[in-house]
Each structure stands twice: as C-alpha cells, then as structure tokens.
>>> print(open('data.cif').read())   # mmCIF, C-alpha atoms
data_start
#
loop_
_atom_site.label_atom_id
_atom_site.label_comp_id
_atom_site.auth_asym_id
_atom_site.auth_seq_id
_atom_site.Cartn_x
_atom_site.Cartn_y
_atom_site.Cartn_z
CA MET A 1 92.22 -6.41 150.97
CA LYS A 2 89.90 -9.44 151.23
CA ALA A 3 87.82 -10.37 154.27
CA GLU A 4 89.51 -12.97 156.49
CA GLN A 5 86.55 -15.29 155.96
CA GLU A 6 83.73 -15.49 153.41
CA LEU A 7 80.93 -13.02 154.03
CA PRO A 8 77.80 -14.86 155.25
CA ILE A 9 75.70 -13.73 152.28
CA VAL A 10 72.59 -15.75 151.43
CA GLY A 11 71.78 -13.91 148.18
CA ILE A 12 69.91 -10.92 146.80
CA ALA A 13 67.20 -9.79 149.23
CA HIS A 14 65.66 -7.07 147.10
CA VAL A 15 66.27 -4.43 144.51
CA ALA A 16 64.52 -1.07 144.86
CA PHE A 17 63.46 1.35 142.13
CA GLN A 18 61.80 4.75 142.06
CA VAL A 19 58.32 4.93 140.56
CA SER A 20 56.19 7.97 139.80
CA ASP A 21 52.84 6.28 140.55
CA LEU A 22 53.08 3.51 143.13
CA GLU A 23 49.56 2.17 142.63
CA GLN A 24 49.85 1.91 138.85
CA SER A 25 53.37 0.48 138.94
CA ALA A 26 52.51 -2.17 141.54
CA HIS A 27 49.46 -3.08 139.46
CA GLN A 28 51.63 -3.48 136.35
CA TYR A 29 54.06 -5.84 138.07
CA ALA A 30 51.17 -7.77 139.61
CA SER A 31 49.09 -8.08 136.45
CA TYR A 32 51.98 -8.83 134.08
CA TYR A 33 54.25 -10.92 136.31
CA GLY A 34 51.90 -12.28 138.97
CA PHE A 35 53.80 -10.78 141.92
CA GLU A 36 51.69 -10.00 144.99
CA SER A 37 52.30 -7.17 147.41
CA ALA A 38 53.61 -8.66 150.65
CA PHE A 39 53.79 -5.47 152.73
CA SER A 40 54.31 -1.73 152.49
CA THR A 41 56.20 0.97 154.39
CA ASN A 42 56.07 4.75 154.48
CA GLU A 43 59.41 5.27 152.73
CA GLY A 44 59.23 8.21 150.32
CA GLU A 45 55.57 8.75 149.54
CA GLY A 46 54.99 5.06 150.13
CA SER A 47 56.63 1.81 149.13
CA GLU A 48 55.47 -1.68 148.18
CA TYR A 49 57.41 -4.92 148.53
CA LEU A 50 56.31 -7.33 145.81
CA LYS A 51 57.19 -10.92 146.67
CA ILE A 52 59.20 -13.00 144.21
CA ASN A 53 59.81 -15.76 146.76
CA ASP A 54 60.05 -15.89 150.55
CA GLU A 55 63.61 -14.52 150.47
CA GLN A 56 63.46 -12.06 147.54
CA PHE A 57 61.41 -8.96 146.81
CA LEU A 58 61.03 -6.16 144.30
CA LYS A 59 60.71 -2.89 146.18
CA LEU A 60 58.95 0.06 144.56
CA VAL A 61 59.24 3.51 146.14
CA GLN A 62 57.13 6.47 145.06
CA VAL A 63 59.16 9.68 144.98
CA PRO A 64 57.74 13.10 145.92
CA GLU A 65 57.90 14.67 142.47
CA GLU A 66 59.12 13.02 139.27
CA THR A 67 61.55 10.11 139.11
CA ASP A 68 65.26 10.72 138.60
CA ASP A 69 67.04 9.67 135.42
CA ASN A 70 68.61 6.98 137.59
CA ARG A 71 65.71 5.09 139.18
CA LEU A 72 67.88 2.51 141.00
CA ILE A 73 67.66 3.19 144.74
CA GLU A 74 69.46 0.24 146.32
CA ILE A 75 70.46 -3.39 146.09
CA ALA A 76 70.01 -5.41 149.28
CA PHE A 77 71.87 -8.59 150.18
CA GLN A 78 70.46 -10.98 152.75
CA VAL A 79 73.04 -12.17 155.29
CA ARG A 80 72.85 -14.82 158.01
CA ASP A 81 74.73 -12.75 160.62
CA LEU A 82 74.79 -8.99 160.19
CA GLU A 83 77.09 -8.25 163.13
CA LEU A 84 79.69 -10.66 161.74
CA THR A 85 79.27 -9.13 158.28
CA THR A 86 79.87 -5.56 159.44
CA ASN A 87 82.85 -6.62 161.57
CA LEU A 88 84.44 -8.37 158.59
CA LEU A 89 83.85 -5.33 156.37
CA ARG A 90 85.43 -2.96 158.90
CA LYS A 91 88.49 -5.17 159.29
CA ILE A 92 89.30 -4.71 155.60
CA GLY A 93 88.90 -0.94 155.77
CA LEU A 94 85.33 -0.48 154.51
CA LYS A 95 82.87 1.70 156.40
CA PRO A 96 79.44 0.09 156.68
CA SER A 97 76.93 2.07 158.68
CA GLU A 98 76.05 1.19 162.24
CA ILE A 99 73.40 -1.52 162.41
CA TYR A 100 69.86 -0.17 162.50
CA TYR A 101 66.27 -1.35 162.05
CA SER A 102 64.88 -0.71 158.57
CA LEU A 103 61.27 0.33 158.13
CA ASP A 104 60.61 -3.30 157.11
CA GLY A 105 61.86 -4.45 160.52
CA SER A 106 65.04 -6.15 159.34
CA LEU A 107 68.45 -5.52 160.87
CA THR A 108 70.31 -3.40 158.34
CA SER A 109 73.66 -1.85 157.52
CA SER A 110 74.39 0.24 154.42
CA LEU A 111 77.47 0.75 152.29
CA THR A 112 78.19 2.67 149.09
CA ASP A 113 80.17 1.14 146.22
CA PRO A 114 82.76 3.04 144.12
CA ASP A 115 80.08 4.17 141.64
CA GLY A 116 77.79 5.52 144.34
CA HIS A 117 75.33 2.63 144.31
CA ARG A 118 73.72 2.08 147.69
CA LEU A 119 74.07 -1.43 149.06
CA LEU A 120 72.21 -2.83 152.05
CA PHE A 121 73.05 -5.88 154.12
CA LEU A 122 69.91 -7.29 155.74
CA GLU A 123 69.28 -9.91 158.41
CA TYR A 124 65.69 -11.18 158.43
CA ILE A 125 65.03 -11.36 162.16
CA PRO A 126 61.71 -12.86 163.39
CA GLU A 127 60.24 -9.37 163.85
CA SER A 128 60.94 -8.34 160.26
CA LEU A 129 58.06 -8.11 157.80
CA GLN A 130 59.95 -10.49 155.51
CA ALA A 131 59.91 -13.17 158.22
CA LYS A 132 56.33 -12.44 159.26
CA THR A 133 55.03 -12.96 155.72
CA ARG A 134 56.82 -16.26 155.02
CA GLY A 135 54.55 -18.64 153.14
CA GLU A 136 52.17 -15.81 152.24
CA HIS A 137 51.63 -13.74 149.07
CA LEU A 138 53.26 -16.35 146.84
CA GLY A 139 51.17 -15.62 143.76
CA SER A 140 50.03 -18.77 141.99
CA HIS A 141 50.50 -17.05 138.62
CA ARG A 142 54.07 -15.83 139.11
CA LEU A 143 56.07 -15.95 135.89
CA SER A 144 59.31 -16.37 137.82
CA VAL A 145 60.21 -17.46 141.33
CA ARG A 146 63.81 -16.22 141.39
CA LEU A 147 65.59 -12.90 141.09
CA GLN A 148 68.91 -14.03 139.63
CA HIS A 149 70.84 -10.80 139.14
CA VAL A 150 70.73 -7.03 139.17
CA GLY A 151 72.51 -4.84 136.61
CA LEU A 152 74.36 -1.72 137.72
CA THR A 153 76.58 0.78 135.93
CA VAL A 154 80.35 0.73 136.47
CA ARG A 155 82.65 3.52 135.28
CA SER A 156 85.92 1.90 136.35
CA GLU A 157 86.17 -1.88 136.25
CA PRO A 158 89.41 -1.94 138.30
CA ALA A 159 87.75 0.11 141.05
CA ALA A 160 84.66 -2.09 141.00
CA ASN A 161 86.82 -5.22 141.13
CA ALA A 162 88.79 -3.90 144.07
CA PHE A 163 85.50 -3.50 145.91
CA TYR A 164 83.36 -6.45 144.80
CA ARG A 165 86.02 -9.06 144.02
CA GLU A 166 88.91 -8.25 146.32
CA ALA A 167 86.98 -6.94 149.31
CA LEU A 168 83.57 -8.63 149.17
CA GLY A 169 84.70 -11.91 147.62
CA PHE A 170 82.55 -11.88 144.47
CA GLN A 171 83.83 -14.00 141.57
CA GLU A 172 83.64 -13.35 137.82
CA THR A 173 81.64 -16.00 135.95
CA TRP A 174 81.13 -14.44 132.50
CA ARG A 175 81.86 -11.35 130.43
CA GLY A 176 80.63 -10.25 127.04
CA SER A 177 80.63 -7.48 124.46
CA ARG A 178 77.87 -5.84 122.45
CA ASN A 179 79.65 -6.78 119.21
CA ASP A 180 81.81 -9.78 118.35
CA ASP A 181 85.03 -7.78 118.23
CA GLY A 182 83.95 -4.94 120.50
CA PRO A 183 85.16 -4.03 123.98
CA ASP A 184 83.72 -5.75 127.04
CA ALA A 185 80.33 -4.38 128.01
CA TRP A 186 79.05 -6.75 130.72
CA VAL A 187 80.71 -8.68 133.53
CA ASN A 188 78.84 -11.11 135.78
CA MET A 189 80.10 -11.17 139.38
CA GLN A 190 78.71 -13.97 141.54
CA MET A 191 78.41 -13.27 145.24
CA PRO A 192 79.27 -15.67 148.05
CA GLY A 193 76.42 -17.91 149.15
CA GLU A 194 74.69 -21.05 148.06
CA HIS A 195 72.11 -19.40 145.80
CA GLY A 196 74.57 -18.28 143.10
CA ASP A 197 73.01 -14.81 142.71
CA TYR A 198 75.12 -12.18 141.03
CA ILE A 199 75.41 -8.57 139.99
CA GLU A 200 76.10 -7.59 136.41
CA TYR A 201 78.54 -4.78 135.74
CA ILE A 202 77.34 -2.55 132.90
CA LEU A 203 80.64 -0.97 131.83
CA ILE A 204 80.16 2.70 130.90
CA GLU A 205 83.64 4.24 131.07
CA GLY A 206 83.57 7.46 129.03
CA MET A 207 79.78 7.32 128.52
CA VAL A 208 77.08 9.68 129.76
CA PRO A 209 73.98 7.45 129.68
CA SER A 210 70.61 9.03 128.96
CA ARG A 211 67.55 8.49 131.12
CA LYS A 212 66.35 5.81 128.71
CA GLN A 213 69.72 4.04 128.72
CA LEU A 214 69.93 4.08 132.52
CA GLY A 215 66.47 2.51 132.69
CA SER A 216 67.75 -0.38 130.62
CA MET A 217 71.15 -0.67 132.29
CA HIS A 218 69.84 -0.68 135.86
CA HIS A 219 67.68 -3.76 135.58
CA LEU A 220 66.52 -6.87 137.38
CA CYS A 221 66.76 -10.34 135.85
CA LEU A 222 64.12 -12.98 136.59
CA LEU A 223 64.95 -16.60 135.90
CA THR A 224 62.68 -18.93 133.93
CA GLU A 225 62.87 -22.44 132.50
CA ASP A 226 60.83 -21.57 129.39
CA ILE A 227 61.00 -18.12 127.80
CA GLN A 228 58.34 -18.94 125.21
CA TRP A 229 55.88 -19.83 127.98
CA VAL A 230 56.68 -16.55 129.76
CA TYR A 231 56.12 -14.63 126.52
CA GLN A 232 52.72 -16.23 125.90
CA GLN A 233 51.66 -15.60 129.49
CA LEU A 234 52.73 -11.95 129.25
CA LEU A 235 50.61 -11.51 126.12
CA ARG A 236 47.64 -13.10 127.88
CA ASN A 237 48.22 -10.74 130.80
CA GLY A 238 47.97 -7.70 128.54
CA LEU A 239 51.54 -6.99 127.40
CA PRO A 240 51.39 -5.33 123.95
CA ASP A 241 52.42 -7.66 121.13
CA LEU A 242 55.39 -5.58 119.95
CA ASP A 243 58.67 -6.64 118.37
CA ARG A 244 60.66 -5.26 121.30
CA HIS A 245 58.99 -7.75 123.64
CA LYS A 246 59.69 -10.87 121.57
CA PRO A 247 62.13 -13.50 122.90
CA MET A 248 65.67 -13.48 121.51
CA VAL A 249 69.02 -15.09 122.18
CA GLY A 250 71.26 -12.66 124.07
CA ARG A 251 75.02 -12.27 124.01
CA SER A 252 75.23 -14.70 126.93
CA ASN A 253 73.79 -17.43 124.66
CA ARG A 254 70.54 -17.62 126.62
CA TRP A 255 66.97 -16.98 125.56
CA LEU A 256 65.61 -13.78 127.07
CA LEU A 257 63.02 -11.07 126.68
CA ASN A 258 62.74 -7.53 128.03
CA VAL A 259 59.85 -5.53 129.46
CA HIS A 260 60.01 -1.94 130.73
CA ASP A 261 57.82 -0.57 133.49
CA LEU A 262 55.88 2.71 133.41
CA ASP A 263 59.01 4.71 134.33
CA GLY A 264 61.32 2.91 131.91
CA THR A 265 63.04 0.43 134.25
CA ARG A 266 63.80 -2.87 132.52
CA THR A 267 62.94 -6.37 133.64
CA GLU A 268 64.84 -9.14 131.87
CA PHE A 269 63.39 -12.65 131.84
CA MET A 270 66.12 -15.17 131.06
CA GLU A 271 66.37 -18.94 130.71
CA ALA A 272 68.81 -20.77 132.95
CA LYS A 273 70.11 -23.10 130.23
CA LEU A 274 72.20 -22.17 127.21
CA ALA A 275 70.32 -21.66 123.96
CA PHE A 276 72.98 -23.50 121.93
CA GLU A 277 75.76 -25.87 122.85
CA GLU A 278 79.20 -24.39 122.36
CA SER A 279 82.11 -26.41 120.93
CA SER A 280 85.67 -26.04 122.17
CA SER A 281 86.28 -23.69 119.24
CA GLY A 282 83.48 -21.39 120.41
CA GLU A 283 81.04 -22.33 117.65
CA LYS A 284 77.39 -22.71 118.64
CA HIS A 285 75.34 -25.77 117.69
#
>>> encode(input="data.cif", output="structure tokens")
Amino acid sequence: MKAEQELPIVGIAHVAFQVSDLEQSAHQYASYYGFESAFSTNEGEGSEYLKINDEQFLKLVQVPEETDDNRLIEIAFQVRDLELTTNLLRKIGLKPSEIYYSLDGSLTSSLTDPDGHRLLFLEYIPESLQAKTRGEHLGSHRLSVRLQHVGLTVRSEPAANAFYREALGFQETWRGSRNDDGPDAWVNMQMPGEHGDYIEYILIEGMVPSRKQLGSMHHLCLLTEDIQWVYQQLLRNGLPDLDRHKPMVGRSNRWLLNVHDLDGTRTEFMEAKLAFEESSSGEKH
C-alpha cells in the first residue's frame, strides 16, 4: 500500500558506520577526503559527525569491543515534517517509532526495513546540532560536497520493493549485473525529494557475504565532477598508490574509484556524467 501523498523527504541526512578507533578513523576521513568534524555525541563509546555539506553527514560510531562483520548502523533521511511523515507511514500499515529527540538534537523516528536495516527519519529543528552548525565546518579541501547514495544488502527484491517502492514511494532508475549476461546485482532506487538521492540495492539472495564483502556492499557514494582530480588529490593526501585505488569505468558507465577505511567500509567516488555515450542499440561511444 502506498502513502496517500508523497513523503516529505529532503534527501539523505547521514549514513552511520561502526569504527574500532574513532580518532584514527575520523582522521583518515579528514585527511583523505577533507571532511571536518561538525559535532560529536556520546553514542556508543563516542561518535563523530563529519560534514559533507550543511544537510549531509558521515557518522562514525566507536563500538565497545571490535566492529561487527556488518558495520552499517543506520541510514537517515531528512524530512521537512516528521509528524506528517510518521502519520503517513502508519496509515499504510508501517510501524515507525514514536517521535523522540536524538542525541544530535533532531526530531527522530526509526523504522526497520525487510532486511533489518535501521532507517531514521530526521527533522532538523533549530535546536539540533545540524542546524546550529550551518555554515560551519565546510572544509575548503573537501573532495566531494554531496552524498549521492548508500548501498545496502537485499535478500529479497520483491520484499524490498514492497517496502521502498510501494510503501515509501521510491522509484527505480537503473539496474545492472556484474557480468554482461549475469543476473541483476544492483538496483538504484531514488527517493522522493528534490535532491535525487537514492539507495542502491545490493542483491544477495542465496549468498552469505563475508566480513570483507559486507564492507564493500554497505558503502557510501560521494559525487564528483572529475574522478581524475579526486584521484590525484587522494594521492597527495597520502592514499597509497595501489592498483585497487585507480579510477575505472563501472557497470553504470560512470568513472569511479573505491577507498576502504580502517575497518573495511568502502567509499565510492563517482562522476555524475556518463563515461561514454550510449547509442539506441546499447553500444558505447
């Protein structure tokens, strides 16, 4: 059942990952990517919100012992009206939590998707730390100023579609396979809202992903206009000059490169434009 009106989603607010050493991990993201810490909370053994832009953050949470194989903690969506959002969700049979104040001061409601991924809906009220730090901590050396999508594992595409497409109003914009004639592996689902942010299904039906695979599957994607510039800046910032870090054209026909953090979570930098023009026959030029 679909909501009677479009959910008032603005876009992705943050994605949160477990880290084993908060200080070292925050330093890596700051030194490599140019993201500054905007604020911290006492979640777990401490958390840092690294600012991508005034609306979007990367949240790192130190866990008490060692990180889980699955380091993805939550994906948060910013909404304009949280009370309206939760009312719409309840009318279609979903069960968002009662509205509460997060440790960052935002109005929040949580919901779990069919694969157990925790979703938050946030409203940045004036008292929230997100609102209080507007215009601040916008690093002059940021390699990206937009979090475009977050990847998350999906065991049943029909179940995920019933939730994200039918209930939440997300729309499919692209799908691809790992091999030319192979089964679908990725599906991009764009959320309501003017920003065009999306989640990327990583289809894993029948798979038991390893810790390393989960670190790559559960990823964040940062948008750039020039992947070669990003690559050169990363090298200048200390990224090892290894083959696995070199830019390449992905299955989506866009230039991209991948970097993993100290706990194995992947960041994908990706160009907005297509690498090659495609003819009506599907050939690339």
>>> residues_near_point(input="data.cif", point="(54.5, 14.3, 143.3)", cutoff="10 Å", atoms="all atoms listed in the file", output="PyMOL selection string")
chain A and resi 20-21+45+62-67
>>> atom_distance(input="data.cif", atom1="atom CA of A:Tyr101", atom2="atom CA of A:Ala131")
14.0 Å
>>> resolve_selection(input="data.cif", expression="the PyMOL selection byres ((chain A and resi 55) around 9)", output="list in words")
Gly11, Ile12, Ala13, His14, Lys51, Ile52, Asn53, Asp54, Gln56, Phe57, Gln78, Tyr124, Gln130, Ala131 and Arg134 of chain A
>>> atom_distance(input="data.cif", atom1="atom CA of A:Trp186", atom2="atom CA of A:Gln28")
28.2 Å
>>> resolve_selection(input="data.cif", expression="the PyMOL selection byres ((chain A and resi 244-256) around 12)", output="number ranges by chain")
A: 173-180, 184-188, 200, 221-232, 234-235, 239-243, 257-260, 266-278, 282-285
>>> atom_distance(input="data.cif", atom1="atom CA of A:Leu152", atom2="atom CA of A:His218")
5.0 Å
>>> closest_residue(input="data.cif", among="A:Ile92, A:Leu58, A:Ile125, A:Leu120", to="A:Ile75", atoms="all atoms listed in the file")
A:Leu120
>>> residues_around(input="data.cif", residues="A:Leu119", least_positions_apart="4", cutoff="8 Å", atoms="all atoms listed in the file", output="short mmCIF file (atom, residue, chain, number, x, y, z; two decimals) with C-alpha atoms, keeping the file's coordinate frame")
data_model
loop_
_atom_site.label_atom_id
_atom_site.label_comp_id
_atom_site.auth_asym_id
_atom_site.auth_seq_id
_atom_site.Cartn_x
_atom_site.Cartn_y
_atom_site.Cartn_z
CA GLU A 74 69.46 0.24 146.32
CA ILE A 75 70.46 -3.39 146.09
CA ALA A 76 70.01 -5.41 149.28
CA PHE A 77 71.87 -8.59 150.18
CA SER A 110 74.39 0.24 154.42
CA LEU A 111 77.47 0.75 152.29
CA THR A 112 78.19 2.67 149.09
CA ASP A 113 80.17 1.14 146.22
#
>>> closest_residue(input="data.cif", among="A:Glu83, A:Glu136, A:Asp197, A:Glu205", to="A:Glu172", atoms="all atoms listed in the file")
A:Asp197
>>> resolve_selection(input="data.cif", expression="the PyMOL selection byres ((chain A and resi 169-171) around 10)", output="number ranges by chain")
A: 1-3, 5-7, 161-168, 172-174, 188-193, 198-199
>>> residues_around(input="data.cif", residues="A:Ser210", least_positions_apart="3", cutoff="8 Å", atoms="only C-alpha atoms", output="list in words")
Asp69, Gln213 and Leu214 of chain A
>>> closest_residue(input="data.cif", among="A:Ser97, A:Ser156, A:Gln18, A:Ser140", to="A:Ile202", atoms="all atoms listed in the file")
A:Ser156
>>> closest_residue(input="data.cif", among="A:Arg71, A:His149, A:Lys95, A:Lys59", to="A:Arg211", atoms="all atoms listed in the file")
A:Arg71
>>> closest_residue(input="data.cif", among="A:Lys212, A:Pro114, A:Gly196, A:Glu123", to="A:Ile99", atoms="only C-alpha atoms")
A:Glu123
>>> residues_near_point(input="data.cif", point="(59.2, -7.4, 160.2)", cutoff="10 Å", atoms="only C-alpha atoms", output="list of chain:residue names")
A:Phe39, A:Tyr101, A:Ser102, A:Leu103, A:Asp104, A:Gly105, A:Ser106, A:Leu107, A:Tyr124, A:Ile125, A:Pro126, A:Glu127, A:Ser128, A:Leu129, A:Gln130, A:Ala131, A:Lys132, A:Thr133
>>> closest_residue(input="data.cif", among="A:Leu82, A:Leu89, A:Val15, A:Ile9", to="A:His117", atoms="only C-alpha atoms")
A:Val15
>>> decode(input="data.cif", residues="stretch 177-202 of chain A", atoms="N, CA, C and O atoms", output="PDB file, in the first residue's frame")
ATOM      1  N   SER A 177      24.191  -5.712 -13.761  1.00  0.00           N
ATOM      2  CA  SER A 177      24.709  -7.014 -13.360  1.00  0.00           C
ATOM      3  C   SER A 177      26.230  -6.962 -13.307  1.00  0.00           C
ATOM      4  O   SER A 177      26.861  -6.080 -13.901  1.00  0.00           O
ATOM      5  N   ARG A 178      26.815  -7.909 -12.609  1.00  0.00           N
ATOM      6  CA  ARG A 178      28.274  -7.956 -12.518  1.00  0.00           C
ATOM      7  C   ARG A 178      28.900  -8.394 -13.837  1.00  0.00           C
ATOM      8  O   ARG A 178      30.023  -8.022 -14.153  1.00  0.00           O
ATOM      9  N   ASN A 179      28.170  -9.199 -14.601  1.00  0.00           N
ATOM     10  CA  ASN A 179      28.637  -9.681 -15.898  1.00  0.00           C
ATOM     11  C   ASN A 179      27.577  -9.368 -16.951  1.00  0.00           C
ATOM     12  O   ASN A 179      26.391  -9.214 -16.629  1.00  0.00           O
ATOM     13  N   ASP A 180      28.000  -9.282 -18.214  1.00  0.00           N
ATOM     14  CA  ASP A 180      27.086  -8.879 -19.273  1.00  0.00           C
ATOM     15  C   ASP A 180      25.817  -9.711 -19.320  1.00  0.00           C
ATOM     16  O   ASP A 180      24.726  -9.191 -19.527  1.00  0.00           O
ATOM     17  N   ASP A 181      25.944 -11.014 -19.141  1.00  0.00           N
ATOM     18  CA  ASP A 181      24.776 -11.893 -19.228  1.00  0.00           C
ATOM     19  C   ASP A 181      24.361 -12.451 -17.872  1.00  0.00           C
ATOM     20  O   ASP A 181      23.585 -13.408 -17.796  1.00  0.00           O
ATOM     21  N   GLY A 182      24.895 -11.844 -16.799  1.00  0.00           N
ATOM     22  CA  GLY A 182      24.621 -12.367 -15.474  1.00  0.00           C
ATOM     23  C   GLY A 182      23.323 -11.836 -14.889  1.00  0.00           C
ATOM     24  O   GLY A 182      22.659 -10.968 -15.472  1.00  0.00           O
ATOM     25  N   PRO A 183      22.934 -12.351 -13.746  1.00  0.00           N
ATOM     26  CA  PRO A 183      21.716 -11.876 -13.081  1.00  0.00           C
ATOM     27  C   PRO A 183      21.912 -10.464 -12.537  1.00  0.00           C
ATOM     28  O   PRO A 183      23.041 -10.002 -12.347  1.00  0.00           O
ATOM     29  N   ASP A 184      20.816  -9.770 -12.288  1.00  0.00           N
ATOM     30  CA  ASP A 184      20.897  -8.428 -11.718  1.00  0.00           C
ATOM     31  C   ASP A 184      21.611  -8.472 -10.371  1.00  0.00           C
ATOM     32  O   ASP A 184      21.393  -9.378  -9.557  1.00  0.00           O
ATOM     33  N   ALA A 185      22.461  -7.479 -10.154  1.00  0.00           N
ATOM     34  CA  ALA A 185      23.209  -7.404  -8.901  1.00  0.00           C
ATOM     35  C   ALA A 185      22.935  -6.112  -8.147  1.00  0.00           C
ATOM     36  O   ALA A 185      23.042  -6.072  -6.925  1.00  0.00           O
ATOM     37  N   TRP A 186      22.607  -5.036  -8.885  1.00  0.00           N
ATOM     38  CA  TRP A 186      22.392  -3.730  -8.257  1.00  0.00           C
ATOM     39  C   TRP A 186      21.124  -3.101  -8.816  1.00  0.00           C
ATOM     40  O   TRP A 186      20.839  -3.193 -10.006  1.00  0.00           O
ATOM     41  N   VAL A 187      20.385  -2.423  -7.945  1.00  0.00           N
ATOM     42  CA  VAL A 187      19.202  -1.672  -8.365  1.00  0.00           C
ATOM     43  C   VAL A 187      19.231  -0.329  -7.642  1.00  0.00           C
ATOM     44  O   VAL A 187      19.326  -0.278  -6.412  1.00  0.00           O
ATOM     45  N   ASN A 188      19.161   0.750  -8.406  1.00  0.00           N
ATOM     46  CA  ASN A 188      19.131   2.087  -7.824  1.00  0.00           C
ATOM     47  C   ASN A 188      17.688   2.527  -7.622  1.00  0.00           C
ATOM     48  O   ASN A 188      16.894   2.511  -8.563  1.00  0.00           O
ATOM     49  N   MET A 189      17.373   2.940  -6.392  1.00  0.00           N
ATOM     50  CA  MET A 189      16.014   3.337  -6.033  1.00  0.00           C
ATOM     51  C   MET A 189      16.042   4.773  -5.502  1.00  0.00           C
ATOM     52  O   MET A 189      16.516   5.031  -4.393  1.00  0.00           O
ATOM     53  N   GLN A 190      15.534   5.678  -6.329  1.00  0.00           N
ATOM     54  CA  GLN A 190      15.560   7.104  -5.981  1.00  0.00           C
ATOM     55  C   GLN A 190      14.410   7.448  -5.055  1.00  0.00           C
ATOM     56  O   GLN A 190      13.266   7.084  -5.297  1.00  0.00           O
ATOM     57  N   MET A 191      14.728   8.190  -4.008  1.00  0.00           N
ATOM     58  CA  MET A 191      13.715   8.555  -3.025  1.00  0.00           C
ATOM     59  C   MET A 191      12.978   9.824  -3.444  1.00  0.00           C
ATOM     60  O   MET A 191      13.470  10.591  -4.285  1.00  0.00           O
ATOM     61  N   PRO A 192      11.799  10.057  -2.887  1.00  0.00           N
ATOM     62  CA  PRO A 192      11.123  11.326  -3.144  1.00  0.00           C
ATOM     63  C   PRO A 192      12.014  12.487  -2.684  1.00  0.00           C
ATOM     64  O   PRO A 192      12.901  12.324  -1.850  1.00  0.00           O
ATOM     65  N   GLY A 193      11.752  13.662  -3.236  1.00  0.00           N
ATOM     66  CA  GLY A 193      12.525  14.833  -2.846  1.00  0.00           C
ATOM     67  C   GLY A 193      13.292  15.407  -4.009  1.00  0.00           C
ATOM     68  O   GLY A 193      13.625  14.712  -4.967  1.00  0.00           O
ATOM     69  N   GLU A 194      13.610  16.685  -3.883  1.00  0.00           N
ATOM     70  CA  GLU A 194      14.220  17.407  -4.990  1.00  0.00           C
ATOM     71  C   GLU A 194      15.683  17.082  -5.206  1.00  0.00           C
ATOM     72  O   GLU A 194      16.241  17.364  -6.270  1.00  0.00           O
ATOM     73  N   HIS A 195      16.348  16.485  -4.246  1.00  0.00           N
ATOM     74  CA  HIS A 195      17.791  16.252  -4.365  1.00  0.00           C
ATOM     75  C   HIS A 195      18.134  15.083  -5.284  1.00  0.00           C
ATOM     76  O   HIS A 195      19.239  15.014  -5.812  1.00  0.00           O
ATOM     77  N   GLY A 196      17.229  14.113  -5.431  1.00  0.00           N
ATOM     78  CA  GLY A 196      17.518  12.963  -6.280  1.00  0.00           C
ATOM     79  C   GLY A 196      18.419  11.931  -5.637  1.00  0.00           C
ATOM     80  O   GLY A 196      18.995  11.087  -6.334  1.00  0.00           O
ATOM     81  N   ASP A 197      18.565  11.945  -4.312  1.00  0.00           N
ATOM     82  CA  ASP A 197      19.371  10.929  -3.630  1.00  0.00           C
ATOM     83  C   ASP A 197      18.709   9.562  -3.772  1.00  0.00           C
ATOM     84  O   ASP A 197      17.493   9.461  -3.977  1.00  0.00           O
ATOM     85  N   TYR A 198      19.508   8.514  -3.619  1.00  0.00           N
ATOM     86  CA  TYR A 198      18.941   7.180  -3.760  1.00  0.00           C
ATOM     87  C   TYR A 198      19.672   6.159  -2.903  1.00  0.00           C
ATOM     88  O   TYR A 198      20.760   6.429  -2.380  1.00  0.00           O
ATOM     89  N   ILE A 199      19.031   5.020  -2.725  1.00  0.00           N
ATOM     90  CA  ILE A 199      19.699   3.874  -2.132  1.00  0.00           C
ATOM     91  C   ILE A 199      19.990   2.890  -3.252  1.00  0.00           C
ATOM     92  O   ILE A 199      19.317   2.892  -4.287  1.00  0.00           O
ATOM     93  N   GLU A 200      20.994   2.067  -3.054  1.00  0.00           N
ATOM     94  CA  GLU A 200      21.348   1.054  -4.041  1.00  0.00           C
ATOM     95  C   GLU A 200      21.183  -0.318  -3.425  1.00  0.00           C
ATOM     96  O   GLU A 200      21.894  -0.673  -2.481  1.00  0.00           O
ATOM     97  N   TYR A 201      20.197  -1.077  -3.950  1.00  0.00           N
ATOM     98  CA  TYR A 201      20.078  -2.465  -3.522  1.00  0.00           C
ATOM     99  C   TYR A 201      21.342  -3.213  -3.962  1.00  0.00           C
ATOM    100  O   TYR A 201      21.736  -3.153  -5.121  1.00  0.00           O
ATOM    101  N   ILE A 202      21.923  -3.980  -3.066  1.00  0.00           N
ATOM    102  CA  ILE A 202      22.942  -4.965  -3.410  1.00  0.00           C
ATOM    103  C   ILE A 202      22.261  -6.323  -3.247  1.00  0.00           C
ATOM    104  O   ILE A 202      22.044  -6.780  -2.122  1.00  0.00           O
TER     105      ILE A 202
END
